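Novice: Would you mind keeping the following structure in view while I ask a few things?
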Amino acid sequence: MKRLFIALFWILSLPVFAQHTADTMTEASDSEAFKPGEMILHHIGDSHEWHWFSTDNDHFTTYLPVIAYQPGKGVEVFSSKHLAEGETYNGLKLEHEHLVAEDGSKVYDFSLTKNAFALLLSSVLMLILFISVGNGFKKRHGQAPRGLQSFFEPIIIFIRDEVAKKSIGPKYEKYMPYLLTVFFFIWFNNLLGLTPGAANLTGNIAVTFTLAAMTLLITLFSSNKNYWAHIFATPGVPKPLLIIMIPVELIGVVVKPFSLMVRLFANMTAGHIVTLSFISLIFIFRSLAISPASLAFGLFINILELLVAILQAYIFTLLTAMYIGGAVEEHHHDEADYQMEGDHIAPTAAH
């Protein structure tokens, strides 16, 4: 039944997605040839307005607040509707969704854009859901879970037992709030990004950079002397080689969270690009004959993205836990460093 509902959802929603794409193409065709690259970048990028869908007579768009600061002029707050269709308002205009001044002066843009608004919405959704789950756990402590609790509790237990405990060890409880927050934040926003007209939040490099930076800071501030000893005095490495090894190890500290940032950004963005590319084939060839194959492939990619959505959340959380585990791991003696003394195992003289 769940699979049936998922299939019906995408069968019904993908044509809406295609219609949303068609609106863009129709507008573009009035003045110039259809450019799939520009259309795709427009859909996966951030914007100062939230376009939901269009009809023959009207566009359903939410115009978001523009908050601009110009040195010497102060702060201005107004609706992005004033900047729609390339218009200028109080000397400000949008160029490829970047707020600029007509006179070339500096502008600091603090606007509540589509991605920022989606971030607030997903945060509120998570608060409502998990406050409900937490209250249910308190009321039915020791009893069988019900409702939302029955859905989320196995996932939470899985993250605790299979990710946190195995990767971090005895100190795992301290990091559970962050790991659970990261996992559900990425998963929820991955799923929300797959719905027609939604924001591509986890496909925004600034969002994935922030998540990766938080992982890096938590790892560094949790690290012990053993972690830094492996970087600046790598065991088993001759001292002359440390001149090479120390920079390599320090680069590795930064590269690990950088890989988290790029992996999440690239995978989620690629899914949207492939789906839109298949839909674009209809308008590139200007024929309805290709639409069944185009929509079928687009539907397949969308269903695949459901798996990718939770997989990317799991990978990000698992690697985060592994990095933290490596930073808090205590020093363990190797078997070669010990010798048998009667019925006891004692450290060698080297220790």
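Letters for chains follow the order of the structure tokens (A, B, ...), residue numbers begin at 1 for each chain, and ligand numbers begin at 1 in the order shown.
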Go through region 212-295 of chain A and flag each residue having an atom no more than 12 Å from region 169-180 of chain A; for those, report the closest pair of atoms plus their distance in Å to one decimal, using only C-alpha atoms, ordered by chain and rising number, as JSON lines.
Specialist:
```
{"residue": "A:Met214", "atom": "CA", "partner": "A:Tyr178", "partner_atom": "CA", "distance": 9.5}
{"residue": "A:Thr215", "atom": "CA", "partner": "A:Tyr178", "partner_atom": "CA", "distance": 9.0}
{"residue": "A:Ile218", "atom": "CA", "partner": "A:Tyr175", "partner_atom": "CA", "distance": 9.0}
{"residue": "A:Thr219", "atom": "CA", "partner": "A:Tyr175", "partner_atom": "CA", "distance": 10.3}
{"residue": "A:Ser222", "atom": "CA", "partner": "A:Tyr175", "partner_atom": "CA", "distance": 9.9}
```
Novice: Those selected residues, please, written with all heavy atoms and delivered as a PDB file, in the first residue's frame.
Specialist:
```
ATOM      1  N   MET A 214      29.899  22.882  10.682  1.00  0.00           N
ATOM      2  CA  MET A 214      29.491  22.497  12.028  1.00  0.00           C
ATOM      3  C   MET A 214      30.108  21.162  12.433  1.00  0.00           C
ATOM      4  O   MET A 214      30.568  20.993  13.562  1.00  0.00           O
ATOM      5  CB  MET A 214      27.962  22.424  12.101  1.00  0.00           C
ATOM      6  CG  MET A 214      27.280  23.773  12.000  1.00  0.00           C
ATOM      7  SD  MET A 214      25.479  23.649  11.873  1.00  0.00           S
ATOM      8  CE  MET A 214      25.083  22.934  13.457  1.00  0.00           C
ATOM      9  N   THR A 215      30.148  20.211  11.496  1.00  0.00           N
ATOM     10  CA  THR A 215      30.798  18.924  11.764  1.00  0.00           C
ATOM     11  C   THR A 215      32.276  19.110  12.062  1.00  0.00           C
ATOM     12  O   THR A 215      32.817  18.503  12.992  1.00  0.00           O
ATOM     13  CB  THR A 215      30.615  17.985  10.558  1.00  0.00           C
ATOM     14  OG1 THR A 215      29.240  17.646  10.425  1.00  0.00           O
ATOM     15  CG2 THR A 215      31.434  16.716  10.729  1.00  0.00           C
ATOM     16  N   ILE A 218      32.697  20.751  15.605  1.00  0.00           N
ATOM     17  CA  ILE A 218      32.412  19.788  16.674  1.00  0.00           C
ATOM     18  C   ILE A 218      33.544  18.772  16.784  1.00  0.00           C
ATOM     19  O   ILE A 218      33.964  18.396  17.890  1.00  0.00           O
ATOM     20  CB  ILE A 218      31.062  19.091  16.427  1.00  0.00           C
ATOM     21  CG1 ILE A 218      29.922  20.086  16.602  1.00  0.00           C
ATOM     22  CG2 ILE A 218      30.872  17.905  17.372  1.00  0.00           C
ATOM     23  CD1 ILE A 218      28.554  19.547  16.227  1.00  0.00           C
ATOM     24  N   THR A 219      34.063  18.335  15.649  1.00  0.00           N
ATOM     25  CA  THR A 219      35.171  17.375  15.661  1.00  0.00           C
ATOM     26  C   THR A 219      36.408  17.968  16.311  1.00  0.00           C
ATOM     27  O   THR A 219      37.050  17.334  17.160  1.00  0.00           O
ATOM     28  CB  THR A 219      35.493  16.934  14.222  1.00  0.00           C
ATOM     29  OG1 THR A 219      34.336  16.332  13.639  1.00  0.00           O
ATOM     30  CG2 THR A 219      36.631  15.934  14.211  1.00  0.00           C
ATOM     31  N   SER A 222      36.041  18.601  20.058  1.00  0.00           N
ATOM     32  CA  SER A 222      35.900  17.361  20.821  1.00  0.00           C
ATOM     33  C   SER A 222      37.197  16.559  20.854  1.00  0.00           C
ATOM     34  O   SER A 222      37.287  15.568  21.577  1.00  0.00           O
ATOM     35  CB  SER A 222      34.796  16.489  20.209  1.00  0.00           C
ATOM     36  OG  SER A 222      33.557  17.146  20.201  1.00  0.00           O
TER      37      SER A 222
END
```
Novice: Name the residues of region 124-273 of chain A that fall into alpha helix (DSSP H) according to DSSP on the backbone, using the chain letters and numbers of this document, as a ChimeraX atom specification.
Specialist: /A:124-139,148-158,165-168,176-192,205-222,225-232,242-273
Novice: Which residue out of A:Ile324, A:Gly45, A:Glu305, A:Val254 has the minimum interatomic distance to Lys165 (chain A) when only C-alpha atoms are used?
Specialist: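 Closest to Lys165 (chain A), using only C-alpha atoms: A:Ile324.
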Novice: Could you pull the residues within 12 Å of Ile155 (chain A), counting only C-alpha atoms, minus those fewer than 5 positions along the same chain, as a PyMOL selection string?
Specialist: chain A and resi 148-150+160-163+180+183-184+187+310+314
Novice: Grab the residues selected above and save them as a CSV table (one decimal), in the first residue's frame with all heavy atoms.
Specialist:
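Saved file again_8.csv follows:
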```csv
chain,number,residue,atom,x,y,z
A,148,LEU,N,3.0,8.8,15.4
A,148,LEU,CA,4.3,9.3,14.8
A,148,LEU,C,5.4,8.6,15.6
A,148,LEU,O,6.5,8.4,15.0
A,148,LEU,CB,4.4,10.8,15.0
A,148,LEU,CG,3.5,11.6,14.0
A,148,LEU,CD1,3.6,13.1,14.3
A,148,LEU,CD2,4.0,11.4,12.5
A,149,GLN,N,5.2,8.4,16.8
A,149,GLN,CA,6.3,7.7,17.6
A,149,GLN,C,6.7,6.4,17.1
A,149,GLN,O,7.9,6.0,17.0
A,149,GLN,CB,5.9,7.6,19.1
A,149,GLN,CG,7.0,7.0,20.0
A,149,GLN,CD,6.5,6.7,21.4
A,149,GLN,OE1,5.3,7.0,21.7
A,149,GLN,NE2,7.3,6.1,22.2
A,150,SER,N,5.7,5.6,16.6
A,150,SER,CA,6.0,4.3,16.1
A,150,SER,C,6.7,4.3,14.8
A,150,SER,O,7.4,3.4,14.4
A,150,SER,CB,4.6,3.5,15.9
A,150,SER,OG,3.8,4.2,14.9
A,160,ARG,N,21.1,5.6,16.8
A,160,ARG,CA,21.8,5.5,18.1
A,160,ARG,C,22.7,4.2,18.1
A,160,ARG,O,23.9,4.3,18.5
A,160,ARG,CB,20.8,5.4,19.2
A,160,ARG,CG,21.4,5.3,20.6
A,160,ARG,CD,20.4,5.0,21.7
A,160,ARG,NE,19.9,3.6,21.5
A,160,ARG,CZ,19.0,3.0,22.2
A,160,ARG,NH1,18.3,3.7,23.1
A,160,ARG,NH2,18.6,1.8,21.9
A,161,ASP,N,22.1,3.1,17.8
A,161,ASP,CA,22.8,1.8,17.9
A,161,ASP,C,23.8,1.5,16.8
A,161,ASP,O,24.9,1.0,17.0
A,161,ASP,CB,21.8,0.7,18.0
A,161,ASP,CG,20.9,0.8,19.3
A,161,ASP,OD1,21.3,1.5,20.2
A,161,ASP,OD2,19.9,0.1,19.3
A,162,GLU,N,23.4,1.8,15.5
A,162,GLU,CA,24.2,1.4,14.4
A,162,GLU,C,25.2,2.5,13.9
A,162,GLU,O,26.1,2.2,13.2
A,162,GLU,CB,23.3,1.0,13.2
A,162,GLU,CG,22.4,-0.2,13.6
A,162,GLU,CD,23.2,-1.4,13.9
A,162,GLU,OE1,24.2,-1.7,13.3
A,162,GLU,OE2,22.7,-2.2,14.8
A,163,VAL,N,24.9,3.7,14.3
A,163,VAL,CA,25.7,4.8,13.8
A,163,VAL,C,26.5,5.4,15.0
A,163,VAL,O,27.8,5.4,15.0
A,163,VAL,CB,24.9,6.0,13.2
A,163,VAL,CG1,25.8,7.1,12.8
A,163,VAL,CG2,24.2,5.4,11.9
A,180,LEU,N,21.2,13.3,15.3
A,180,LEU,CA,19.8,13.2,14.9
A,180,LEU,C,19.2,14.4,14.2
A,180,LEU,O,18.5,14.3,13.2
A,180,LEU,CB,18.9,12.9,16.2
A,180,LEU,CG,19.1,11.5,16.8
A,180,LEU,CD1,18.3,11.5,18.2
A,180,LEU,CD2,18.6,10.4,15.9
A,183,PHE,N,20.7,14.3,10.6
A,183,PHE,CA,20.0,13.2,9.8
A,183,PHE,C,18.6,13.7,9.4
A,183,PHE,O,18.3,13.6,8.2
A,183,PHE,CB,19.9,11.9,10.6
A,183,PHE,CG,19.2,10.9,9.9
A,183,PHE,CD1,19.8,10.1,8.9
A,183,PHE,CD2,17.9,10.6,10.2
A,183,PHE,CE1,19.1,9.1,8.2
A,183,PHE,CE2,17.2,9.6,9.5
A,183,PHE,CZ,17.8,8.8,8.5
A,184,PHE,N,17.8,14.1,10.3
A,184,PHE,CA,16.4,14.4,9.9
A,184,PHE,C,16.3,15.7,9.2
A,184,PHE,O,15.4,15.9,8.3
A,184,PHE,CB,15.5,14.5,11.2
A,184,PHE,CG,15.2,13.1,11.8
A,184,PHE,CD1,15.7,12.7,12.9
A,184,PHE,CD2,14.3,12.3,11.1
A,184,PHE,CE1,15.5,11.4,13.4
A,184,PHE,CE2,14.0,11.0,11.6
A,184,PHE,CZ,14.6,10.6,12.8
A,187,TRP,N,17.3,14.7,5.6
A,187,TRP,CA,16.3,13.8,5.0
A,187,TRP,C,15.0,14.6,4.7
A,187,TRP,O,14.5,14.4,3.6
A,187,TRP,CB,16.0,12.7,6.0
A,187,TRP,CG,15.1,11.6,5.4
A,187,TRP,CD1,14.9,11.3,4.1
A,187,TRP,CD2,14.2,10.8,6.2
A,187,TRP,NE1,14.0,10.3,4.0
A,187,TRP,CE2,13.5,9.9,5.2
A,187,TRP,CE3,13.9,10.6,7.5
A,187,TRP,CZ2,12.6,9.0,5.6
A,187,TRP,CZ3,13.0,9.6,7.9
A,187,TRP,CH2,12.3,8.9,6.9
A,310,ILE,N,17.2,9.6,1.6
A,310,ILE,CA,17.5,9.0,2.9
A,310,ILE,C,18.9,8.5,2.9
A,310,ILE,O,19.6,8.5,4.0
A,310,ILE,CB,16.5,7.9,3.3
A,310,ILE,CG1,16.7,7.5,4.8
A,310,ILE,CG2,16.6,6.7,2.4
A,310,ILE,CD1,15.6,6.7,5.4
A,314,TYR,N,21.8,9.5,5.6
A,314,TYR,CA,22.5,8.4,6.4
A,314,TYR,C,24.0,8.5,6.2
A,314,TYR,O,24.8,8.5,7.2
A,314,TYR,CB,22.0,7.0,6.0
A,314,TYR,CG,22.9,5.9,6.5
A,314,TYR,CD1,22.8,5.5,7.8
A,314,TYR,CD2,23.7,5.2,5.6
A,314,TYR,CE1,23.6,4.5,8.3
A,314,TYR,CE2,24.5,4.2,6.1
A,314,TYR,CZ,24.4,3.8,7.4
A,314,TYR,OH,25.2,2.8,7.9
```
